[in-house]
file start02.cif (mmCIF, C-alpha atoms and all ligand atoms)
data_protein
#
loop_
_atom_site.label_atom_id
_atom_site.label_comp_id
_atom_site.auth_asym_id
_atom_site.auth_seq_id
_atom_site.Cartn_x
_atom_site.Cartn_y
_atom_site.Cartn_z
CA MET A 141 -67.28 156.27 -69.18
CA LYS A 142 -65.87 159.69 -70.04
CA LYS A 143 -62.10 159.74 -70.33
CA ARG A 144 -60.43 162.28 -68.09
CA VAL A 145 -56.80 161.48 -68.73
CA PRO A 146 -54.87 161.26 -71.98
CA GLU A 147 -55.28 158.03 -74.00
CA SER A 148 -52.05 156.50 -72.68
CA GLY A 149 -52.84 157.52 -69.10
CA VAL A 150 -49.43 159.24 -68.91
CA PRO A 151 -49.39 162.91 -67.94
CA PRO A 152 -47.95 164.91 -70.88
CA ALA A 153 -44.93 166.12 -68.88
CA ALA A 154 -43.89 162.52 -68.15
CA MET A 155 -44.32 161.26 -71.72
CA PRO A 156 -41.05 159.66 -72.75
CA SER A 157 -39.60 160.73 -76.09
CA VAL A 158 -37.54 157.61 -76.80
CA LEU A 159 -38.62 154.00 -76.35
CA ALA A 160 -36.13 152.13 -74.20
CA SER A 161 -35.56 148.39 -73.98
CA PRO A 162 -38.53 146.16 -73.18
CA VAL A 163 -40.01 146.38 -69.71
CA ARG A 164 -40.10 143.07 -67.85
CA ILE A 165 -42.42 142.04 -65.02
CA LYS A 166 -41.74 138.84 -63.12
CA PHE A 167 -44.01 137.24 -60.53
CA TRP A 168 -42.17 135.82 -57.50
CA GLY A 169 -45.19 135.58 -55.19
CA THR A 170 -48.84 135.62 -56.27
CA ARG A 171 -50.66 134.25 -53.20
CA GLY A 172 -52.68 136.24 -50.69
CA SER A 173 -52.80 135.99 -46.90
CA ILE A 174 -50.38 133.12 -46.26
CA ALA A 175 -47.90 131.01 -48.22
CA VAL A 176 -49.36 127.66 -49.31
CA PRO A 177 -46.70 125.45 -50.88
CA GLY A 178 -47.82 122.02 -52.03
CA SER A 179 -48.92 119.90 -54.93
CA GLY A 180 -52.18 121.86 -55.37
CA THR A 181 -50.45 125.21 -55.97
CA LEU A 182 -47.57 124.23 -58.26
CA ARG A 183 -48.76 126.20 -61.33
CA PHE A 184 -49.99 129.48 -59.82
CA GLY A 185 -47.58 129.34 -56.89
CA GLY A 186 -47.64 129.24 -53.12
CA ASN A 187 -45.47 132.26 -52.20
CA THR A 188 -47.03 135.52 -51.06
CA THR A 189 -46.87 138.86 -52.86
CA CYS A 190 -43.69 139.91 -54.62
CA VAL A 191 -43.38 141.26 -58.17
CA GLU A 192 -40.17 142.40 -59.85
CA VAL A 193 -40.26 145.13 -62.50
CA ARG A 194 -37.26 146.06 -64.64
CA ALA A 195 -37.88 149.24 -66.54
CA ASP A 196 -35.81 152.08 -67.94
CA GLY A 197 -32.67 151.14 -66.03
CA GLU A 198 -34.51 150.66 -62.72
CA MET A 199 -35.16 147.53 -60.71
CA ILE A 200 -38.36 147.98 -58.74
CA VAL A 201 -39.70 145.29 -56.41
CA LEU A 202 -43.35 145.47 -55.42
CA ASP A 203 -43.91 144.10 -51.89
CA ALA A 204 -41.81 141.74 -49.83
CA GLY A 205 -43.96 138.67 -49.22
CA SER A 206 -42.32 135.24 -49.09
CA GLY A 207 -41.69 135.45 -52.87
CA ILE A 208 -38.87 137.94 -52.23
CA ARG A 209 -36.70 135.07 -50.90
CA PRO A 210 -36.32 133.27 -54.27
CA LEU A 211 -35.96 136.68 -55.96
CA GLY A 212 -32.96 137.36 -53.69
CA VAL A 213 -31.38 134.04 -54.60
CA ALA A 214 -31.89 134.74 -58.32
CA LEU A 215 -30.40 138.26 -58.02
CA ASP A 216 -27.35 136.95 -56.17
CA ASN A 217 -26.80 134.41 -58.95
CA GLU A 218 -27.31 137.00 -61.67
CA PHE A 219 -25.15 139.79 -60.23
CA GLY A 220 -22.36 137.76 -58.60
CA THR A 221 -19.78 140.24 -57.26
CA GLN A 222 -21.49 143.23 -58.97
CA PRO A 223 -23.59 145.51 -56.74
CA ILE A 224 -27.37 145.15 -56.79
CA LYS A 225 -29.29 148.42 -56.68
CA LEU A 226 -33.05 148.26 -56.30
CA CYS A 227 -36.08 150.00 -54.90
CA LEU A 228 -38.63 148.07 -52.85
CA LEU A 229 -42.08 149.66 -52.91
CA ILE A 230 -44.40 148.46 -50.15
CA THR A 231 -48.20 148.67 -50.47
CA HIS A 232 -49.01 147.97 -46.81
CA ALA A 233 -47.88 146.26 -43.64
CA HIS A 234 -49.89 143.03 -43.65
CA TRP A 235 -47.64 140.01 -43.07
CA ASP A 236 -48.14 138.57 -46.56
CA HIS A 237 -46.53 141.74 -48.01
CA ILE A 238 -43.51 142.22 -45.73
CA GLN A 239 -42.69 138.90 -44.11
CA GLY A 240 -40.10 137.77 -46.67
CA LEU A 241 -37.75 140.74 -46.16
CA PRO A 242 -35.62 139.12 -43.40
CA PHE A 243 -34.89 136.31 -45.90
CA PHE A 244 -33.86 138.58 -48.79
CA ARG A 245 -30.20 137.64 -49.25
CA PRO A 246 -29.05 140.84 -51.06
CA ALA A 247 -29.85 142.79 -47.87
CA TYR A 248 -27.00 140.95 -46.12
CA ASN A 249 -24.25 142.04 -48.51
CA ARG A 250 -22.51 145.43 -48.12
CA LYS A 251 -22.10 145.85 -51.90
CA ASN A 252 -25.88 146.20 -52.39
CA GLU A 253 -28.12 149.28 -52.14
CA ILE A 254 -31.77 148.81 -51.24
CA ARG A 255 -34.20 151.69 -50.97
CA ILE A 256 -37.44 150.75 -49.22
CA LEU A 257 -40.42 153.09 -49.73
CA GLY A 258 -43.97 153.07 -48.40
CA PHE A 259 -46.56 155.04 -46.47
CA ASP A 260 -47.09 155.21 -42.72
CA GLY A 261 -49.61 152.65 -41.49
CA ALA A 262 -52.53 153.03 -39.12
CA GLY A 263 -50.87 153.88 -35.79
CA ALA A 264 -47.32 153.07 -36.91
CA GLY A 265 -44.63 154.89 -38.89
CA PHE A 266 -43.25 153.23 -42.03
CA LYS A 267 -39.73 152.67 -40.59
CA GLU A 268 -41.23 151.06 -37.51
CA ILE A 269 -43.40 148.80 -39.69
CA MET A 270 -40.44 147.58 -41.73
CA ALA A 271 -38.23 146.96 -38.69
CA GLU A 272 -40.96 145.03 -36.83
CA PRO A 273 -40.57 141.57 -38.48
CA MET A 274 -36.86 141.70 -37.59
CA ARG A 275 -37.34 142.77 -33.97
CA ALA A 276 -36.56 140.38 -31.10
CA PRO A 277 -38.06 137.99 -30.19
CA PHE A 278 -39.47 137.47 -33.72
CA PHE A 279 -36.12 137.31 -35.55
CA PRO A 280 -32.48 137.00 -34.44
CA ILE A 281 -31.04 139.79 -36.64
CA ALA A 282 -32.25 143.39 -36.35
CA MET A 283 -32.79 145.58 -39.42
CA ARG A 284 -29.92 147.89 -38.35
CA GLU A 285 -27.56 144.90 -38.31
CA LEU A 286 -27.99 144.17 -42.03
CA SER A 287 -24.76 144.72 -43.95
CA GLY A 288 -26.36 146.05 -47.14
CA LYS A 289 -26.91 149.78 -47.62
CA ILE A 290 -30.57 149.92 -46.60
CA ASP A 291 -32.46 153.19 -46.78
CA ILE A 292 -36.02 153.14 -45.48
CA SER A 293 -38.05 156.22 -46.43
CA ARG A 294 -41.60 157.16 -45.71
CA LEU A 295 -43.59 158.35 -48.72
CA SER A 296 -45.45 161.61 -48.33
CA GLU A 297 -46.31 162.37 -51.97
CA MET A 298 -48.77 160.53 -54.20
CA THR A 299 -46.60 161.13 -57.28
CA PHE A 300 -42.85 160.57 -57.37
CA SER A 301 -40.07 159.30 -59.65
CA LEU A 302 -37.77 156.31 -59.45
CA GLY A 303 -35.18 157.25 -62.05
CA LYS A 304 -37.09 157.60 -65.32
CA VAL A 305 -40.10 155.69 -64.01
CA GLN A 306 -42.92 157.91 -62.77
CA VAL A 307 -44.95 156.42 -59.94
CA HIS A 308 -48.48 157.40 -58.97
CA ALA A 309 -49.98 156.14 -55.70
CA ILE A 310 -53.54 155.88 -54.45
CA PHE A 311 -55.02 154.68 -51.15
CA VAL A 312 -57.39 151.77 -51.74
CA ASN A 313 -60.19 150.10 -49.77
CA HIS A 314 -58.45 147.65 -47.45
CA PRO A 315 -58.24 147.40 -43.63
CA GLY A 316 -55.62 149.85 -42.28
CA VAL A 317 -53.60 151.93 -44.74
CA CYS A 318 -52.98 150.30 -48.11
CA ALA A 319 -51.64 151.89 -51.28
CA GLY A 320 -51.90 150.90 -54.92
CA TYR A 321 -49.20 151.98 -57.38
CA ARG A 322 -49.07 152.71 -61.07
CA LEU A 323 -45.66 152.73 -62.74
CA PHE A 324 -45.35 154.76 -65.94
CA THR A 325 -42.51 153.32 -67.99
CA SER A 326 -41.29 154.10 -71.50
CA ALA A 327 -43.12 150.97 -72.75
CA GLY A 328 -46.46 151.50 -70.99
CA SER A 329 -47.93 151.52 -67.53
CA ILE A 330 -48.28 148.81 -64.90
CA ALA A 331 -50.87 149.17 -62.15
CA PHE A 332 -50.44 147.11 -59.00
CA LEU A 333 -53.33 146.75 -56.54
CA PRO A 334 -52.67 143.49 -54.73
CA ASP A 335 -55.19 144.11 -51.94
CA HIS A 336 -58.40 146.01 -52.61
CA GLU A 337 -62.05 145.46 -51.84
CA PRO A 338 -64.55 146.93 -54.31
CA TYR A 339 -66.22 150.11 -53.15
CA GLU A 340 -69.62 148.36 -53.29
CA PHE A 341 -68.52 147.30 -49.79
CA PHE A 342 -70.04 150.59 -48.58
CA LEU A 343 -73.45 149.49 -49.89
CA HIS A 344 -73.25 146.24 -47.89
CA SER A 345 -72.05 147.85 -44.70
CA ALA A 346 -73.78 151.24 -44.60
CA ARG A 347 -75.23 150.57 -41.16
CA GLY A 348 -71.86 149.53 -39.67
CA ASN A 349 -70.31 152.70 -41.08
CA LYS A 350 -73.18 154.81 -39.68
CA MET A 351 -74.02 156.05 -43.18
CA SER A 352 -77.42 156.65 -44.67
CA PRO A 353 -78.13 154.56 -47.81
CA GLU A 354 -77.68 157.74 -49.91
CA GLN A 355 -74.30 158.54 -48.31
CA ALA A 356 -73.17 154.94 -48.79
CA LYS A 357 -74.18 155.03 -52.46
CA LYS A 358 -72.29 158.28 -53.03
CA THR A 359 -69.17 157.09 -51.15
CA ALA A 360 -69.12 153.86 -53.19
CA ALA A 361 -69.61 155.71 -56.49
CA ASP A 362 -66.97 158.37 -55.70
CA GLY A 363 -64.40 155.77 -54.60
CA HIS A 364 -64.97 153.69 -57.73
CA GLU A 365 -64.79 156.71 -60.01
CA ALA A 366 -61.51 157.93 -58.46
CA LEU A 367 -59.98 154.49 -58.89
CA VAL A 368 -61.20 154.18 -62.49
CA GLN A 369 -59.56 157.51 -63.25
CA PHE A 370 -56.33 156.40 -61.54
CA LEU A 371 -56.19 153.14 -63.52
CA HIS A 372 -57.47 154.43 -66.83
CA GLY A 373 -55.68 152.94 -69.84
CA SER A 374 -53.30 150.74 -67.81
CA ASP A 375 -51.37 148.41 -70.08
CA ILE A 376 -51.09 145.82 -67.34
CA LEU A 377 -53.47 145.81 -64.38
CA ILE A 378 -52.51 143.46 -61.52
CA LEU A 379 -55.56 143.24 -59.30
CA ASP A 380 -56.76 141.53 -56.12
CA ALA A 381 -59.19 138.79 -57.27
CA GLN A 382 -59.17 136.65 -54.16
CA TYR A 383 -62.81 135.52 -54.07
CA THR A 384 -65.45 134.06 -56.32
CA ASP A 385 -68.67 136.11 -56.31
CA GLU A 386 -70.28 133.52 -54.01
CA GLU A 387 -67.37 133.60 -51.56
CA TYR A 388 -67.41 137.39 -51.50
CA GLN A 389 -70.91 137.37 -49.97
CA TRP A 390 -69.32 135.78 -46.87
CA HIS A 391 -66.27 138.01 -46.86
CA VAL A 392 -67.68 141.52 -47.11
CA GLY A 393 -65.29 143.83 -45.25
CA TRP A 394 -62.33 141.44 -45.42
CA GLY A 395 -60.59 143.77 -47.86
CA HIS A 396 -60.45 141.71 -51.05
CA GLY A 397 -61.97 141.63 -54.50
CA SER A 398 -64.32 139.24 -56.29
CA ILE A 399 -64.40 138.17 -59.94
CA SER A 400 -67.27 140.44 -61.03
CA SER A 401 -65.90 143.49 -59.23
CA VAL A 402 -62.46 143.01 -60.73
CA VAL A 403 -63.88 142.57 -64.23
CA SER A 404 -66.07 145.65 -64.00
CA LEU A 405 -63.19 147.76 -62.61
CA ALA A 406 -60.85 146.64 -65.42
CA ALA A 407 -63.58 147.26 -68.00
CA ASP A 408 -64.48 150.73 -66.67
CA ALA A 409 -60.78 151.61 -66.58
CA ASP A 410 -60.20 150.36 -70.15
CA ALA A 411 -57.24 148.25 -69.04
CA LYS A 412 -55.50 146.34 -71.82
CA ARG A 413 -54.39 143.30 -69.86
CA LEU A 414 -55.84 142.09 -66.55
CA VAL A 415 -53.79 139.87 -64.25
CA LEU A 416 -55.78 138.23 -61.45
CA PHE A 417 -53.68 138.30 -58.30
CA HIS A 418 -53.61 137.55 -54.54
CA HIS A 419 -55.00 134.04 -55.00
CA ASP A 420 -56.89 132.74 -51.99
CA PRO A 421 -54.87 130.22 -49.93
CA ASN A 422 -57.84 127.83 -50.14
CA HIS A 423 -57.85 127.88 -53.96
CA ASP A 424 -55.80 125.23 -55.72
CA ASP A 425 -54.61 125.55 -59.33
CA GLU A 426 -57.82 124.04 -60.69
CA MET A 427 -59.91 126.58 -58.80
CA VAL A 428 -57.79 129.50 -60.06
CA ASP A 429 -58.27 128.13 -63.62
CA LYS A 430 -62.03 128.28 -63.07
CA ILE A 431 -61.80 131.86 -61.75
CA VAL A 432 -59.77 132.92 -64.81
CA ASP A 433 -62.33 131.25 -67.14
CA LYS A 434 -65.19 132.98 -65.38
CA ALA A 435 -63.46 136.37 -65.62
CA ARG A 436 -62.82 135.81 -69.36
CA MET A 437 -66.48 134.93 -69.86
CA GLN A 438 -67.62 138.08 -68.08
CA ILE A 439 -65.21 140.24 -70.12
CA ALA A 440 -66.63 138.68 -73.33
CA GLN A 441 -70.18 139.38 -72.15
CA LEU A 442 -69.21 143.05 -71.81
CA SER A 443 -67.86 142.92 -75.41
CA LYS A 444 -64.47 144.05 -74.15
CA SER A 445 -61.19 142.81 -75.53
CA ILE A 446 -59.17 142.77 -72.32
CA ALA A 447 -56.70 139.88 -72.07
CA VAL A 448 -57.18 138.07 -68.76
CA GLU A 449 -54.86 135.68 -66.98
CA GLY A 450 -54.07 134.46 -63.49
CA ALA A 451 -50.69 135.56 -62.08
CA ARG A 452 -48.35 132.55 -62.09
CA GLU A 453 -45.30 132.41 -59.84
CA GLY A 454 -42.15 132.36 -61.96
CA SER A 455 -43.85 133.77 -65.07
CA GLU A 456 -42.85 136.93 -66.91
CA LEU A 457 -44.71 139.58 -68.86
CA ILE A 458 -42.97 141.83 -71.36
CA LEU A 459 -44.06 145.35 -72.33
CA SER A 460 -42.31 146.62 -75.42
ZN ZN B 1 -52.47 140.61 -48.89
ZN ZN B 2 -53.64 143.14 -46.83
#
call {"tool": "encode", "arguments": {"input": "start02.cif", "output": "structure tokens"}}
result
Amino acid sequence: MKKRVPESGVPPAAMPSVLASPVRIKFWGTRGSIAVPGSGTLRFGGNTTCVEVRADGEMIVLDAGSGIRPLGVALDNEFGTQPIKLCLLITHAHWDHIQGLPFFRPAYNRKNEIRILGFDGAGAGFKEIMAEPMRAPFFPIAMRELSGKIDISRLSEMTFSLGKVQVHAIFVNHPGVCAGYRLFTSAGSIAFLPDHEPYEFFLHSARGNKMSPEQAKKTAADGHEALVQFLHGSDILILDAQYTDEEYQWHVGWGHGSISSVVSLAADADAKRLVLFHHDPNHDDEMVDKIVDKARMQIAQLSKSIAVEGAREGSELILS
């Protein structure tokens, strides 16, 4: 595939001149759809989507699934009486990505500053979306009653900065409105697409979308190409790999990826490290091991040297 962005994937204007301290990524929630605690999910984790990134002086939290609760406890322990300042970036409004926010302890302390950013959803504004899980009768405390300094802002640009970290956004193929983000840090870039169905979906569902086979083919190819360009050269690519290839045949249109589609996207995008994410609630640790093995095998068959692993709750990755 022809490269259309610089080797590092960083636009020249954003290229940092000095390498800062290592960039740390920690997984607090790796599960898709619903939390599944239990003996079968001890290694890969049962909490839903939440990833913490510390880079270039910024603390950026990606999504607020149930994993944000233990993150809040850890931050309280770490910071003590010092203020916590962080930015929470939301990909979309599905429950597994926002439901943990009412249980995020730092939001209840007036010393802390929390910026929450995301795009409007289908038929609902971003502020409305974030306030919804805390609205009566679903929760006893309203968003406006939180003591922390909470600023909820709707994103309108696809490129923006969080301190020295440049963020690029893209809308992906998932029911409703769903964004993927790529964070450009001084130590490399991290792409985060927790929910995305491969664009080959359009080939399966051309009739439902009232497209001719030719239109469907072009839409699928254009979508894939745009995403490849967006992800090109990512140092860490965190990607929705919910289904096996067999399972995907029964879940076309459900908005999630399969092993083969994830492998081919990572390979086309020349990612350096692929992290399989959004584990299916029906998959226990043993099943996720098999999915990781299969993905590694497929990468080897393509003669690519992409490191592949399954996202494990509580684990950390370092970019330096
Ligand atoms: Zn999800
Ligand atoms: Zn979703």
call {"tool": "atom_distance", "arguments": {"input": "start02.cif", "atom1": "atom CA of A:Leu182", "atom2": "atom CA of A:Asp425"}}
result
7.2 Å
call {"tool": "residues_near_ligand", "arguments": {"input": "start02.cif", "ligand": "ligand ZN 1 (chain B)", "cutoff": "9 Å", "atoms": "only C-alpha atoms and all ligand atoms", "output": "list in words"}}
result
Arg171, Gly172, Ser173, Ile174, Thr188, Thr189, Gly205, His232, Ala233, His234, Trp235, Asp236, His237, Pro334, Asp335, His336, Asp380, Gly395, His396 and His418 of chain A
call {"tool": "closest_residue", "arguments": {"input": "start02.cif", "among": "A:Arg194, A:Arg413, A:Arg322, A:Arg284", "to": "A:Thr231", "atoms": "only C-alpha atoms"}}
result
A:Arg322
call {"tool": "closest_residue", "arguments": {"input": "start02.cif", "among": "A:Phe279, A:Tyr388, A:Phe266, A:Tyr383", "to": "A:Glu340", "atoms": "only C-alpha atoms"}}
result
A:Tyr388
call {"tool": "residues_around", "arguments": {"input": "start02.cif", "residues": "A:Glu337", "least_positions_apart": "5", "cutoff": "9 Å", "atoms": "all atoms listed in the file", "output": "ChimeraX atom specification"}}
result
/A:312-314,380,392-398,401
call {"tool": "atom_distance", "arguments": {"input": "start02.cif", "atom1": "atom CA of A:His344", "atom2": "atom CA of A:Val402"}}
result
17.1 Å
call {"tool": "atom_distance", "arguments": {"input": "start02.cif", "atom1": "atom CA of A:Gln369", "atom2": "atom CA of A:Cys227"}}
result
26.0 Å
call {"tool": "axis_aligned_box", "arguments": {"input": "start02.cif", "around": "stretch 167-170 of chain A", "padding_each_side": "3 Å", "output": "lines of an AutoDock Vina configuration file"}}
result
center_x = -45.5
center_y = 136.4
center_z = -57.9
size_x = 12.7
size_y = 7.7
size_z = 11.3
call {"tool": "residues_around", "arguments": {"input": "start02.cif", "residues": "A:Ser400", "least_positions_apart": "2", "cutoff": "9 Å", "atoms": "all atoms listed in the file", "output": "PyMOL selection string"}}
result
chain A and resi 384-385+397-398+402-405+434-435+438
call {"tool": "residues_around", "arguments": {"input": "start02.cif", "residues": "stretch 373-376 of chain A", "least_positions_apart": "5", "cutoff": "12 Å", "atoms": "only C-alpha atoms", "output": "PyMOL selection string"}}
result
chain A and resi 143-151+163-165+193+321-333+367-368+405-416+446-449+451+457-460
call {"tool": "closest_residue", "arguments": {"input": "start02.cif", "among": "A:Ala356, A:Leu228, A:Leu343, A:Ala319", "to": "ligand ZN 2 (chain B)", "atoms": "only C-alpha atoms and all ligand atoms"}}
result
A:Ala319
call {"tool": "residues_around", "arguments": {"input": "start02.cif", "residues": "stretch 217-223 of chain A", "least_positions_apart": "5", "cutoff": "9 Å", "atoms": "only C-alpha atoms", "output": "list in words"}}
result
Gly212, Asn249, Arg250, Lys251, Asn252 and Glu253 of chain A
call {"tool": "write_last_selection", "arguments": {"input": "start02.cif", "atoms": "C-alpha atoms", "output": "short mmCIF file (atom, residue, chain, number, x, y, z; two decimals), keeping the file's coordinate frame"}}
result
data_model
loop_
_atom_site.label_atom_id
_atom_site.label_comp_id
_atom_site.auth_asym_id
_atom_site.auth_seq_id
_atom_site.Cartn_x
_atom_site.Cartn_y
_atom_site.Cartn_z
CA GLY A 212 -32.96 137.36 -53.69
CA ASN A 249 -24.25 142.04 -48.51
CA ARG A 250 -22.51 145.43 -48.12
CA LYS A 251 -22.10 145.85 -51.90
CA ASN A 252 -25.88 146.20 -52.39
CA GLU A 253 -28.12 149.28 -52.14
#
